[in-house]
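**Q** Below is the file final_38.txt, with compact mmCIF, C-alpha atoms.
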```txt
# COMPACT_ATOMS: atom_id res chain seq x y z
CA MET A 1 -28.40 43.04 -2.89
CA SER A 2 -29.55 45.97 -6.30
CA HIS A 3 -28.28 44.47 -4.83
CA ASP A 4 -32.69 49.89 -4.36
CA LEU A 5 -35.49 48.09 -6.07
CA SER A 6 -37.54 50.29 -8.33
CA ALA A 7 -41.06 51.52 -8.80
CA SER A 8 -42.51 51.90 -12.27
CA ALA A 9 -43.49 55.33 -13.47
CA THR A 10 -45.78 57.04 -15.91
CA ALA A 11 -44.47 59.99 -17.87
CA VAL A 12 -45.49 63.29 -16.33
CA PRO A 13 -46.03 66.04 -18.92
CA ALA A 14 -44.01 69.14 -18.21
CA ALA A 15 -45.34 72.64 -18.61
CA PRO A 16 -43.90 74.21 -21.76
CA ALA A 17 -42.12 77.04 -19.99
CA ALA A 18 -41.30 75.28 -16.72
CA PRO A 19 -37.71 75.77 -15.57
CA ARG A 20 -35.59 72.65 -15.13
CA GLU A 21 -35.45 73.04 -11.36
CA GLY A 22 -39.24 73.26 -11.15
CA LEU A 23 -39.62 70.18 -13.33
CA ALA A 24 -37.20 68.26 -11.15
CA ARG A 25 -39.08 69.20 -7.98
CA THR A 26 -42.43 68.32 -9.52
CA SER A 27 -41.08 64.99 -10.76
CA ALA A 28 -39.60 64.18 -7.35
CA LYS A 29 -42.87 64.96 -5.59
CA SER A 30 -44.82 62.87 -8.09
CA ALA A 31 -42.44 59.95 -7.66
CA SER A 32 -42.72 60.20 -3.90
CA ALA A 33 -46.48 60.22 -4.11
CA ARG A 34 -46.41 57.04 -6.22
CA ARG A 35 -44.26 55.05 -3.77
CA ASP A 36 -46.04 52.16 -2.11
CA PRO A 37 -45.05 51.63 1.55
CA TYR A 38 -45.50 47.88 1.13
CA PHE A 39 -42.76 47.60 -1.47
CA ASP A 40 -40.44 49.99 0.33
CA ASN A 41 -40.85 47.88 3.47
CA ALA A 42 -40.22 44.73 1.41
CA LYS A 43 -37.06 46.19 -0.11
CA TYR A 44 -35.70 47.23 3.26
CA LEU A 45 -36.42 43.90 4.93
CA THR A 46 -34.95 42.00 1.99
CA ILE A 47 -31.68 43.91 2.18
CA VAL A 48 -31.66 43.26 5.94
CA LEU A 49 -31.74 39.54 5.17
CA VAL A 50 -28.89 39.99 2.69
CA ALA A 51 -26.76 41.69 5.34
CA CYS A 52 -27.64 39.12 8.00
CA GLY A 53 -26.81 36.26 5.67
CA HIS A 54 -23.38 37.70 4.94
CA ALA A 55 -22.77 38.38 8.64
CA TRP A 56 -23.85 34.88 9.70
CA GLU A 57 -21.60 32.96 7.31
CA PRO A 58 -18.55 32.73 9.66
CA LEU A 59 -20.86 31.61 12.49
CA THR A 60 -22.02 28.57 10.54
CA HIS A 61 -18.69 26.79 11.01
CA GLY A 62 -19.44 26.00 14.64
CA SER A 63 -23.15 26.54 15.23
CA ARG A 64 -25.88 24.28 13.91
CA ALA A 65 -28.54 26.86 14.80
CA ALA A 66 -26.71 29.60 12.90
CA THR A 67 -26.33 27.24 9.95
CA ALA A 68 -30.07 26.51 9.98
CA ALA A 69 -30.90 30.22 9.94
CA TYR A 70 -28.31 30.82 7.23
CA LEU A 71 -29.64 28.04 5.00
CA THR A 72 -33.24 29.20 5.43
CA VAL A 73 -32.43 32.79 4.53
CA TYR A 74 -30.24 31.82 1.58
CA ALA A 75 -33.00 29.61 0.21
CA PHE A 76 -35.05 32.67 -0.70
CA HIS A 77 -33.51 36.08 0.03
CA MET A 78 -31.76 36.58 -3.33
CA PRO A 79 -34.68 35.06 -5.24
CA ALA A 80 -36.91 37.59 -3.48
CA PHE A 81 -34.47 40.37 -4.39
CA ALA A 82 -34.52 39.30 -8.04
CA LEU A 83 -38.31 38.90 -8.10
CA ILE A 84 -38.94 42.39 -6.73
CA SER A 85 -36.38 43.78 -9.18
CA GLY A 86 -38.29 42.12 -11.98
CA TYR A 87 -41.61 43.50 -10.78
CA PHE A 88 -40.25 47.03 -10.93
CA SER A 89 -38.60 46.47 -14.31
CA ARG A 90 -41.86 45.83 -16.17
CA SER A 91 -41.82 49.31 -17.67
CA PHE A 92 -38.35 48.96 -19.17
CA ASP A 93 -38.85 49.42 -22.92
CA MET A 94 -35.48 50.67 -24.24
CA ALA A 95 -36.80 54.24 -24.34
CA PRO A 96 -33.93 56.78 -24.16
CA GLY A 97 -34.80 57.88 -20.64
CA ARG A 98 -34.89 54.34 -19.31
CA VAL A 99 -31.66 53.37 -21.06
CA ARG A 100 -30.04 56.44 -19.56
CA ARG A 101 -31.31 55.41 -16.13
CA LEU A 102 -29.98 51.88 -16.65
CA LEU A 103 -26.55 53.26 -17.46
CA THR A 104 -26.39 55.70 -14.55
CA SER A 105 -27.94 53.45 -11.88
CA VAL A 106 -26.43 50.10 -12.85
CA VAL A 107 -23.48 50.38 -15.24
CA VAL A 108 -21.75 53.38 -13.65
CA PRO A 109 -22.07 52.06 -10.06
CA TYR A 110 -20.75 48.73 -11.28
CA LEU A 111 -17.67 50.29 -12.84
CA VAL A 112 -17.02 52.46 -9.78
CA PHE A 113 -17.57 49.84 -7.10
CA GLU A 114 -15.93 46.97 -8.96
CA THR A 115 -12.83 49.17 -9.16
CA ALA A 116 -13.20 50.27 -5.54
CA TYR A 117 -13.53 46.70 -4.27
CA THR A 118 -10.46 45.65 -6.24
CA LEU A 119 -8.39 48.51 -4.82
CA PHE A 120 -9.72 47.72 -1.35
CA TYR A 121 -8.62 44.10 -1.72
CA ARG A 122 -5.17 45.15 -2.92
CA TRP A 123 -4.74 47.39 0.10
CA ALA A 124 -6.27 45.11 2.73
CA GLN A 125 -4.45 42.00 1.54
CA ASP A 126 -1.23 43.77 0.56
CA ASP A 127 -1.60 42.36 -2.93
CA PRO A 128 -0.94 45.19 -5.42
CA GLY A 129 -1.03 42.76 -8.32
CA TYR A 130 -4.57 41.58 -7.71
CA PRO A 131 -6.24 41.95 -11.12
CA LEU A 132 -9.12 44.24 -11.99
CA SER A 133 -11.46 42.34 -14.29
CA LEU A 134 -14.77 43.91 -15.25
CA LEU A 135 -15.85 40.54 -16.66
CA ASP A 136 -15.34 38.79 -13.33
CA PRO A 137 -17.51 40.59 -10.73
CA TRP A 138 -16.12 40.55 -7.21
CA TYR A 139 -18.32 39.52 -4.28
CA VAL A 140 -21.67 41.39 -4.30
CA MET A 141 -21.06 43.04 -7.67
CA TRP A 142 -22.45 40.08 -9.61
CA PHE A 143 -25.98 41.31 -8.99
CA LEU A 144 -25.44 44.53 -10.94
CA VAL A 145 -24.17 42.54 -13.90
CA ALA A 146 -27.19 40.27 -13.65
CA LEU A 147 -29.56 43.21 -13.34
CA PHE A 148 -28.06 44.84 -16.42
CA VAL A 149 -28.51 41.70 -18.49
CA TRP A 150 -32.01 41.06 -17.13
CA ARG A 151 -33.14 44.62 -17.81
CA LEU A 152 -31.77 44.62 -21.35
CA THR A 153 -33.66 41.42 -22.12
CA THR A 154 -36.91 42.55 -20.48
CA PRO A 155 -38.64 43.43 -23.79
CA ILE A 156 -37.91 39.90 -25.00
CA TRP A 157 -39.41 38.25 -21.94
CA LEU A 158 -42.49 40.44 -22.12
CA THR A 159 -43.18 39.30 -25.68
CA LEU A 160 -43.15 35.59 -24.81
CA ARG A 161 -46.37 33.78 -24.00
CA HIS A 162 -44.76 31.61 -21.29
CA PRO A 163 -41.61 33.44 -20.21
CA VAL A 164 -41.12 31.80 -16.82
CA PRO A 165 -40.76 28.22 -18.11
CA VAL A 166 -38.33 29.47 -20.77
CA ALA A 167 -36.27 31.30 -18.14
CA LEU A 168 -36.34 28.21 -15.93
CA GLY A 169 -35.03 26.23 -18.90
CA PHE A 170 -32.03 28.57 -19.08
CA ALA A 171 -31.46 28.08 -15.35
CA VAL A 172 -31.51 24.30 -15.78
CA LEU A 173 -29.08 24.63 -18.68
CA ALA A 174 -26.70 26.58 -16.46
CA ALA A 175 -27.04 24.01 -13.67
CA VAL A 176 -26.08 21.09 -15.92
CA SER A 177 -23.30 22.88 -17.84
CA PRO A 178 -19.97 22.77 -15.97
CA ASP A 179 -18.17 24.24 -18.99
CA LEU A 180 -20.36 27.30 -19.30
CA GLY A 181 -17.63 29.51 -17.89
CA GLY A 182 -17.49 32.21 -15.24
CA ASP A 183 -17.41 35.42 -17.24
CA ILE A 184 -19.97 38.05 -16.14
CA SER A 185 -21.12 35.56 -13.48
CA ILE A 186 -23.17 33.87 -16.19
CA GLN A 187 -24.12 30.97 -13.92
CA ARG A 188 -25.73 33.34 -11.44
CA VAL A 189 -27.25 35.48 -14.16
CA LEU A 190 -29.06 32.44 -15.49
CA GLY A 191 -29.61 30.75 -12.13
CA PHE A 192 -31.63 33.64 -10.71
CA LEU A 193 -33.17 34.66 -14.04
CA PRO A 194 -36.48 32.80 -13.48
CA PHE A 195 -37.21 34.89 -10.40
CA PHE A 196 -36.64 38.14 -12.25
CA VAL A 197 -38.81 36.99 -15.14
CA LEU A 198 -41.52 35.88 -12.75
CA GLY A 199 -41.45 39.37 -11.25
CA LEU A 200 -42.04 40.79 -14.72
CA THR A 201 -45.28 38.82 -14.97
CA LEU A 202 -46.68 39.81 -11.59
CA ARG A 203 -49.21 42.53 -10.90
CA ALA A 204 -50.18 44.37 -7.73
CA GLU A 205 -53.15 42.05 -7.17
CA HIS A 206 -50.81 39.07 -6.86
CA PHE A 207 -49.14 40.68 -3.87
CA GLU A 208 -52.52 41.64 -2.45
CA ARG A 209 -53.54 37.99 -2.41
CA LEU A 210 -50.55 37.21 -0.22
CA ARG A 211 -51.44 39.88 2.30
CA THR A 212 -54.40 38.07 3.86
CA TRP A 213 -54.50 36.59 7.33
CA ARG A 214 -55.24 33.16 5.89
CA VAL A 215 -52.00 33.19 3.90
CA ARG A 216 -50.07 34.68 6.80
CA LEU A 217 -51.21 31.98 9.19
CA LEU A 218 -50.37 29.28 6.63
CA ALA A 219 -46.93 30.84 6.25
CA LEU A 220 -46.01 30.30 9.90
CA PRO A 221 -45.87 26.47 9.87
CA VAL A 222 -44.14 26.59 6.48
CA ILE A 223 -41.36 28.81 7.82
CA ALA A 224 -41.14 26.69 10.96
CA ALA A 225 -40.85 23.54 8.86
CA ALA A 226 -38.13 25.17 6.76
CA LEU A 227 -36.13 26.04 9.86
CA VAL A 228 -36.54 22.58 11.36
CA THR A 229 -35.54 20.94 8.09
CA ALA A 230 -32.54 23.26 7.75
CA TYR A 231 -31.49 22.35 11.29
CA GLY A 232 -31.77 18.67 10.43
CA VAL A 233 -29.71 18.85 7.24
CA ALA A 234 -27.22 21.44 8.53
CA PRO A 235 -24.38 18.95 9.21
CA TRP A 236 -24.23 17.72 5.60
CA PHE A 237 -26.15 20.06 3.27
CA GLY A 238 -24.05 22.75 1.60
CA ALA A 239 -25.33 26.30 1.10
CA GLY A 240 -23.59 26.26 -2.27
CA TRP A 241 -26.81 24.86 -3.73
CA PHE A 242 -28.35 28.30 -3.23
CA TYR A 243 -25.45 30.35 -4.59
CA HIS A 244 -25.76 29.30 -8.26
CA ARG A 245 -22.07 30.09 -8.72
CA GLY A 246 -21.55 27.12 -10.97
CA SER A 247 -23.09 23.89 -12.19
CA VAL A 248 -24.32 21.23 -9.79
CA THR A 249 -21.12 19.26 -10.35
CA GLY A 250 -19.54 21.70 -7.90
CA GLN A 251 -21.74 20.15 -5.23
CA GLY A 252 -20.28 16.71 -5.89
CA VAL A 253 -23.15 15.29 -7.93
CA PRO A 254 -23.51 14.38 -11.63
CA ASN A 255 -24.64 17.20 -13.89
CA TRP A 256 -27.96 15.49 -14.74
CA VAL A 257 -29.06 16.02 -11.13
CA GLY A 258 -29.55 19.67 -12.03
CA LEU A 259 -32.53 18.68 -14.17
CA PHE A 260 -34.42 17.98 -10.94
CA THR A 261 -32.77 20.14 -8.30
CA THR A 262 -33.13 23.41 -10.22
CA PRO A 263 -36.95 23.27 -10.49
CA ALA A 264 -37.13 21.99 -6.90
CA LEU A 265 -35.02 24.86 -5.53
CA PHE A 266 -37.05 27.28 -7.65
CA ALA A 267 -40.28 26.01 -6.10
CA LEU A 268 -38.80 26.10 -2.58
CA ALA A 269 -37.63 29.69 -3.05
CA LEU A 270 -41.04 30.75 -4.35
CA VAL A 271 -42.85 29.23 -1.38
CA LEU A 272 -40.54 30.86 1.15
CA THR A 273 -40.63 34.18 -0.73
CA ALA A 274 -44.43 34.11 -0.66
CA CYS A 275 -44.34 33.44 3.09
CA PHE A 276 -41.92 36.31 3.59
CA LEU A 277 -43.91 38.76 1.46
CA SER A 278 -47.17 37.85 3.17
CA TRP A 279 -45.88 39.29 6.44
CA ILE A 280 -44.53 42.55 5.01
CA PRO A 281 -46.44 45.49 6.56
CA GLY A 282 -48.35 47.61 4.08
CA ARG A 283 -48.39 50.80 6.14
CA GLN A 284 -45.85 53.56 6.63
CA LEU A 285 -43.25 52.57 9.22
CA TRP A 286 -40.05 54.07 10.59
CA CYS A 287 -38.09 51.97 8.08
CA THR A 288 -40.25 52.63 5.02
CA ALA A 289 -38.12 55.49 3.72
CA LEU A 290 -35.07 53.25 3.90
CA GLY A 291 -36.52 51.12 1.12
CA ALA A 292 -35.46 53.79 -1.36
CA GLY A 293 -31.81 53.33 -0.36
CA THR A 294 -31.31 49.58 -0.60
CA MET A 295 -28.83 49.87 -3.46
CA TYR A 296 -26.62 52.01 -1.22
CA GLY A 297 -26.76 49.44 1.55
CA TYR A 298 -26.07 46.61 -0.87
CA LEU A 299 -23.03 48.21 -2.48
CA LEU A 300 -21.48 49.61 0.69
CA HIS A 301 -21.99 46.86 3.24
CA GLY A 302 -19.61 44.57 1.36
CA PHE A 303 -16.65 46.65 2.51
CA VAL A 304 -17.54 46.01 6.16
CA ILE A 305 -18.31 42.33 5.58
CA LYS A 306 -15.01 41.78 3.79
CA SER A 307 -13.15 43.75 6.47
CA SER A 308 -14.48 41.31 9.06
CA ARG A 309 -12.92 38.48 7.07
CA PHE A 310 -9.63 40.18 6.25
CA TRP A 311 -8.93 41.21 9.83
CA ASP A 312 -10.40 38.16 11.59
CA TRP A 313 -13.11 39.89 13.57
CA TYR A 314 -14.82 36.56 14.16
CA ASP A 315 -11.82 35.07 15.92
CA HIS A 316 -13.25 36.19 19.26
CA PRO A 317 -14.78 33.06 20.85
CA TRP A 318 -17.58 35.08 22.48
CA LEU A 319 -19.08 35.86 19.07
CA HIS A 320 -19.75 32.15 18.63
CA THR A 321 -21.97 31.94 21.70
CA PRO A 322 -25.75 32.43 21.44
CA LEU A 323 -25.45 35.97 22.81
CA GLY A 324 -22.59 36.69 20.43
CA GLU A 325 -24.59 35.43 17.46
CA LEU A 326 -27.46 37.69 18.49
CA THR A 327 -25.03 40.60 18.76
CA VAL A 328 -23.73 39.92 15.25
CA THR A 329 -27.32 39.91 13.96
CA VAL A 330 -28.16 43.20 15.66
CA ALA A 331 -24.94 44.74 14.33
CA ALA A 332 -25.77 43.59 10.78
CA VAL A 333 -29.26 45.09 10.96
CA ALA A 334 -27.90 48.35 12.39
CA LEU A 335 -25.19 48.53 9.72
CA ILE A 336 -27.51 48.06 6.78
CA THR A 337 -30.03 50.47 8.28
CA VAL A 338 -27.43 53.21 8.52
CA LEU A 339 -26.17 52.53 5.01
CA CYS A 340 -29.69 52.89 3.59
CA SER A 341 -30.32 56.15 5.45
CA GLY A 342 -30.70 59.60 3.97
CA PRO A 343 -27.35 61.04 5.08
CA VAL A 344 -25.42 58.14 3.56
CA ARG A 345 -27.41 58.40 0.36
CA ALA A 346 -26.64 62.11 0.16
CA VAL A 347 -22.91 61.43 0.45
CA PHE A 348 -22.74 58.62 -2.09
CA ARG A 349 -25.45 59.66 -4.54
CA PHE A 350 -22.83 60.95 -6.97
CA VAL A 351 -21.59 57.39 -7.58
CA VAL A 352 -24.71 55.30 -6.89
CA GLU A 353 -27.26 57.49 -8.69
CA PRO A 354 -25.25 59.99 -10.76
CA ARG A 355 -27.16 62.24 -13.13
CA MET A 356 -24.30 62.64 -15.64
CA GLU A 357 -26.28 65.07 -17.76
CA TRP A 358 -23.10 65.97 -19.64
CA LEU A 359 -23.01 62.49 -21.18
CA PHE A 360 -26.46 62.36 -22.74
CA ASN A 361 -28.55 64.17 -25.31
CA ARG A 362 -30.78 66.74 -23.64
CA ARG A 363 -33.77 65.81 -25.78
CA ASP A 364 -34.41 62.76 -23.61
CA GLU A 365 -34.33 64.78 -20.38
CA THR A 366 -38.10 64.71 -19.82
CA ALA A 367 -38.23 60.97 -20.52
CA THR A 368 -35.43 60.42 -18.06
CA ALA A 369 -37.17 62.46 -15.37
CA ALA A 370 -40.22 60.25 -15.80
CA ALA A 371 -38.08 57.12 -15.68
CA ARG A 372 -36.03 58.01 -12.59
CA PRO A 373 -38.41 56.31 -10.12
CA ASP A 374 -37.54 53.01 -11.86
CA ARG A 375 -34.73 52.17 -9.46
CA THR A 376 -32.94 48.88 -9.18
```
Please rewrite the model in this file as structure tokens.
**A**
Amino acid sequence: MSHDLSASATAVPAAPAAPREGLARTSAKSASARRDPYFDNAKYLTIVLVACGHAWEPLTHGSRAATAAYLTVYAFHMPAFALISGYFSRSFDMAPGRVRRLLTSVVVPYLVFETAYTLFYRWAQDDPGYPLSLLDPWYVMWFLVALFVWRLTTPIWLTLRHPVPVALGFAVLAAVSPDLGGDISIQRVLGFLPFFVLGLTLRAEHFERLRTWRVRLLALPVIAAALVTAYGVAPWFGAGWFYHRGSVTGQGVPNWVGLFTTPALFALALVLTACFLSWIPGRQLWCTALGAGTMYGYLLHGFVIKSSRFWDWYDHPWLHTPLGELTVTVAAVALITVLCSGPVRAVFRFVVEPRMEWLFNRRDETATAAARPDRT
């Protein structure tokens, strides 16, 4: 829910005698001018789906309708997140400025929030001995680990002639390998890798082709069919198929089944993602600016979601009525909207997007300023 999702940038030459403050303002204005409302809207609506999915999970234990909505969203919302992340990672080339940005926008937030979530768990569950393991990401933190690995390997994927099939091969390998292990959430890193790599291969015209009324109208029966199918399979189909937390043996099937289910789930996610992206508005809306703060919403909303589990907020029977389920949905949307807002970003910028100029060589400052719009 990274995991906000970034926009690629072109280096902006600085005037020889320009003061640092002037360069920063010029760079910020240039970055703002380059932002595409379509992608900011897509990032905001994707993080809304992430929040709704997390909020709906307790409702699925007694509601077939909630389960159908949950399954449909989980079939594509993280693939869409990874795909958009890949699209905005195309410019990652291991240049000093981009490496610096990777460290400050992915590695540092991971270290801070992984520690914060562990301390939160110790306090909320009265378990002071709960271990802090940077190799075992807790809850939503797996996406930052995945994003770090994906970004580092971007130059490799961009050199391959057919990167998506190769990435899909790694995903299949993860699906059929129960002994792969759980360090750095490797199963998820590989499971969602094809979507990130696909994003690396996309261009703006690919998204333009989705934004036609013909595609939009075709998307409606597809989404309807997905919901109906999810409703039909809700009593017996497990959402674990979409999590990619481990091999397919965790779903009670032989490992060879992953040879077929992984490509099938990949295709399903792509179809639903295309349907979702086709209906994203391309104009400036009230929520467009929130698209720049999706990383804040992703990292912070987990504390509220986990609080609801730790303190049994869903024990109230009314929440499991249709009106209660609607209330939970509205609350999830409101929560993530607030967490992506400007005031929240201003408060938490020092840990989500720290500059940390003291840590780096100043000679890459201009390159970093040009790279800053490349946000997760």
**Q** If I take atom CA of A:Ile280 and atom CA of A:Asn41, how far is one from the other in Å, to one decimal?
**A**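 The value is 6.7 Å.
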**Q** With distances taken over all atoms listed in the file, which of A:Phe148, A:Trp236, A:Phe303, A:Tyr298 is nearest to A:Ser89?
**A**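 Of A:Phe148, A:Trp236, A:Phe303, A:Tyr298, the one nearest A:Ser89, counting all atoms listed in the file, is A:Phe148.
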**Q** Within 8 Å of A:Val215, counting all atoms listed in the file, which residues show up once you throw out same-chain ones fewer than 5 positions away? Write them as a VMD selection string, please.
**A** chain A and resid 210 275 278
**Q** Do you know which residues lie at most 10 Å from (-15.9, 46.0, -9.2), with coordinates as in the file and all atoms listed in the file counted, and could you write them as a PyMOL selection string?
**A** chain A and resi 109-119+132-142+144
**Q** Hey, can you check how far atom CA of A:Gly199 sits from atom CA of A:Gly182?
**A**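 Value for the atom CA of A:Gly199-atom CA of A:Gly182 distance: 25.3 Å.
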**Q** Tell me which of A:Leu103, A:Val351, A:Ile186, A:Leu59 sits closest to A:Trp318, counting all atoms listed in the file.
**A**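 Under the stated criterion, the closest residue is A:Leu59.
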**Q** Which residue, A:Pro79, A:Gly86, A:Pro317, A:Gly62, has the smallest gap to A:Phe242 when you use only C-alpha atoms?
**A** A:Pro79
**Q** Using all atoms listed in the file, which residue out of A:Trp286, A:Phe195, A:Arg245, A:Ser307 lies closest to A:Tyr87?
**A**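 Using all atoms listed in the file, the shortest distance to A:Tyr87 belongs to A:Phe195.
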**Q** Check the smallest atom-to-atom distance from each of A:Ala289, A:Leu83, A:Ala146, A:Leu359 to A:Arg203 using all atoms listed in the file, then report the winner.
**A**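 For A:Arg203, the nearest of the given residues is A:Leu83.
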**Q** Restricting the calculation to only C-alpha atoms, which member of A:Ser85, A:Thr288, A:Asn255, A:Gln187 is positioned closest to A:Leu202?
**A**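 Ranked by minimum distance to A:Leu202, first place goes to A:Ser85.
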**Q** Could you tell me how far atom CA of A:Val149 lies from atom CA of A:Phe360, in Å and to one decimal?
**A** 21.2 Å
**Q** Could you list, with a cut-off of 9 Å and counting all atoms listed in the file, the residues of stretch 263-349 of chain A near stretch 121-128 of chain A, each shown with its nearest atom pair and the distance in Å rounded to one decimal, rows sorted by chain and ascending number, as a Markdown table?
**A**
```
| residue | atom | partner | partner_atom | distance |
| --- | --- | --- | --- | --- |
| A:Lys306 | CA | A:Tyr121 | CA | 8.8 |
| A:Ser307 | CA | A:Ala124 | CA | 7.9 |
| A:Phe310 | CA | A:Ala124 | CA | 6.9 |
| A:Trp311 | CA | A:Ala124 | CA | 8.5 |
```
**Q** Selection from above, C-alpha atoms, as a compact mmCIF listing (two decimals), keeping the file's coordinate frame, can you write it?
**A**
```txt
# COMPACT_ATOMS: atom_id res chain seq x y z
CA LYS A 306 -15.01 41.78 3.79
CA SER A 307 -13.15 43.75 6.47
CA PHE A 310 -9.63 40.18 6.25
CA TRP A 311 -8.93 41.21 9.83
```
**Q** Need to verify the contact set: A:Trp157, 10 Å, all atoms listed in the file, exclusion of same-chain residues closer than 2 positions in sequence. Can you return it as a PyMOL selection string?
**A** chain A and resi 90+150-155+159-164+166-167+197-198+200-201
**Q** Missing atoms in stretch 34-47 of chain A should be modelled up to N, CA, C and O atoms and reported as a PDB file, in the coordinates of the input.
**A**
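Below is the file that was written, selection_18.pdb:
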```pdb
ATOM      1  N   ARG A  34     -46.109  58.333  -5.636  1.00  0.00           N
ATOM      2  CA  ARG A  34     -46.410  57.040  -6.220  1.00  0.00           C
ATOM      3  C   ARG A  34     -45.813  55.889  -5.433  1.00  0.00           C
ATOM      4  O   ARG A  34     -46.105  54.735  -5.693  1.00  0.00           O
ATOM      5  N   ARG A  35     -44.925  56.120  -4.495  1.00  0.00           N
ATOM      6  CA  ARG A  35     -44.260  55.050  -3.770  1.00  0.00           C
ATOM      7  C   ARG A  35     -45.269  54.314  -2.899  1.00  0.00           C
ATOM      8  O   ARG A  35     -46.097  54.921  -2.224  1.00  0.00           O
ATOM      9  N   ASP A  36     -45.167  53.018  -2.901  1.00  0.00           N
ATOM     10  CA  ASP A  36     -46.040  52.160  -2.110  1.00  0.00           C
ATOM     11  C   ASP A  36     -45.279  51.714  -0.875  1.00  0.00           C
ATOM     12  O   ASP A  36     -44.227  51.068  -0.988  1.00  0.00           O
ATOM     13  N   PRO A  37     -45.775  52.023   0.325  1.00  0.00           N
ATOM     14  CA  PRO A  37     -45.050  51.630   1.550  1.00  0.00           C
ATOM     15  C   PRO A  37     -44.780  50.134   1.621  1.00  0.00           C
ATOM     16  O   PRO A  37     -43.754  49.719   2.160  1.00  0.00           O
ATOM     17  N   TYR A  38     -45.687  49.341   1.075  1.00  0.00           N
ATOM     18  CA  TYR A  38     -45.500  47.880   1.130  1.00  0.00           C
ATOM     19  C   TYR A  38     -44.193  47.483   0.453  1.00  0.00           C
ATOM     20  O   TYR A  38     -43.403  46.706   1.007  1.00  0.00           O
ATOM     21  N   PHE A  39     -43.959  47.993  -0.740  1.00  0.00           N
ATOM     22  CA  PHE A  39     -42.760  47.600  -1.470  1.00  0.00           C
ATOM     23  C   PHE A  39     -41.505  48.222  -0.879  1.00  0.00           C
ATOM     24  O   PHE A  39     -40.431  47.606  -0.912  1.00  0.00           O
ATOM     25  N   ASP A  40     -41.606  49.425  -0.349  1.00  0.00           N
ATOM     26  CA  ASP A  40     -40.440  49.990   0.330  1.00  0.00           C
ATOM     27  C   ASP A  40     -40.086  49.176   1.565  1.00  0.00           C
ATOM     28  O   ASP A  40     -38.908  48.934   1.854  1.00  0.00           O
ATOM     29  N   ASN A  41     -41.098  48.746   2.309  1.00  0.00           N
ATOM     30  CA  ASN A  41     -40.850  47.880   3.470  1.00  0.00           C
ATOM     31  C   ASN A  41     -40.236  46.554   3.019  1.00  0.00           C
ATOM     32  O   ASN A  41     -39.317  46.029   3.663  1.00  0.00           O
ATOM     33  N   ALA A  42     -40.751  46.002   1.924  1.00  0.00           N
ATOM     34  CA  ALA A  42     -40.220  44.730   1.410  1.00  0.00           C
ATOM     35  C   ALA A  42     -38.770  44.870   0.995  1.00  0.00           C
ATOM     36  O   ALA A  42     -37.936  43.991   1.267  1.00  0.00           O
ATOM     37  N   LYS A  43     -38.440  45.976   0.325  1.00  0.00           N
ATOM     38  CA  LYS A  43     -37.060  46.190  -0.110  1.00  0.00           C
ATOM     39  C   LYS A  43     -36.123  46.324   1.076  1.00  0.00           C
ATOM     40  O   LYS A  43     -35.016  45.758   1.073  1.00  0.00           O
ATOM     41  N   TYR A  44     -36.554  47.059   2.080  1.00  0.00           N
ATOM     42  CA  TYR A  44     -35.700  47.230   3.260  1.00  0.00           C
ATOM     43  C   TYR A  44     -35.483  45.900   3.973  1.00  0.00           C
ATOM     44  O   TYR A  44     -34.342  45.534   4.305  1.00  0.00           O
ATOM     45  N   LEU A  45     -36.553  45.152   4.199  1.00  0.00           N
ATOM     46  CA  LEU A  45     -36.420  43.900   4.930  1.00  0.00           C
ATOM     47  C   LEU A  45     -35.644  42.858   4.130  1.00  0.00           C
ATOM     48  O   LEU A  45     -34.940  42.018   4.704  1.00  0.00           O
ATOM     49  N   THR A  46     -35.736  42.916   2.810  1.00  0.00           N
ATOM     50  CA  THR A  46     -34.950  42.000   1.990  1.00  0.00           C
ATOM     51  C   THR A  46     -33.465  42.302   2.104  1.00  0.00           C
ATOM     52  O   THR A  46     -32.637  41.390   2.237  1.00  0.00           O
ATOM     53  N   ILE A  47     -33.106  43.577   2.069  1.00  0.00           N
ATOM     54  CA  ILE A  47     -31.680  43.910   2.180  1.00  0.00           C
ATOM     55  C   ILE A  47     -31.172  43.620   3.588  1.00  0.00           C
ATOM     56  O   ILE A  47     -29.990  43.317   3.781  1.00  0.00           O
TER      57      ILE A  47
END
```
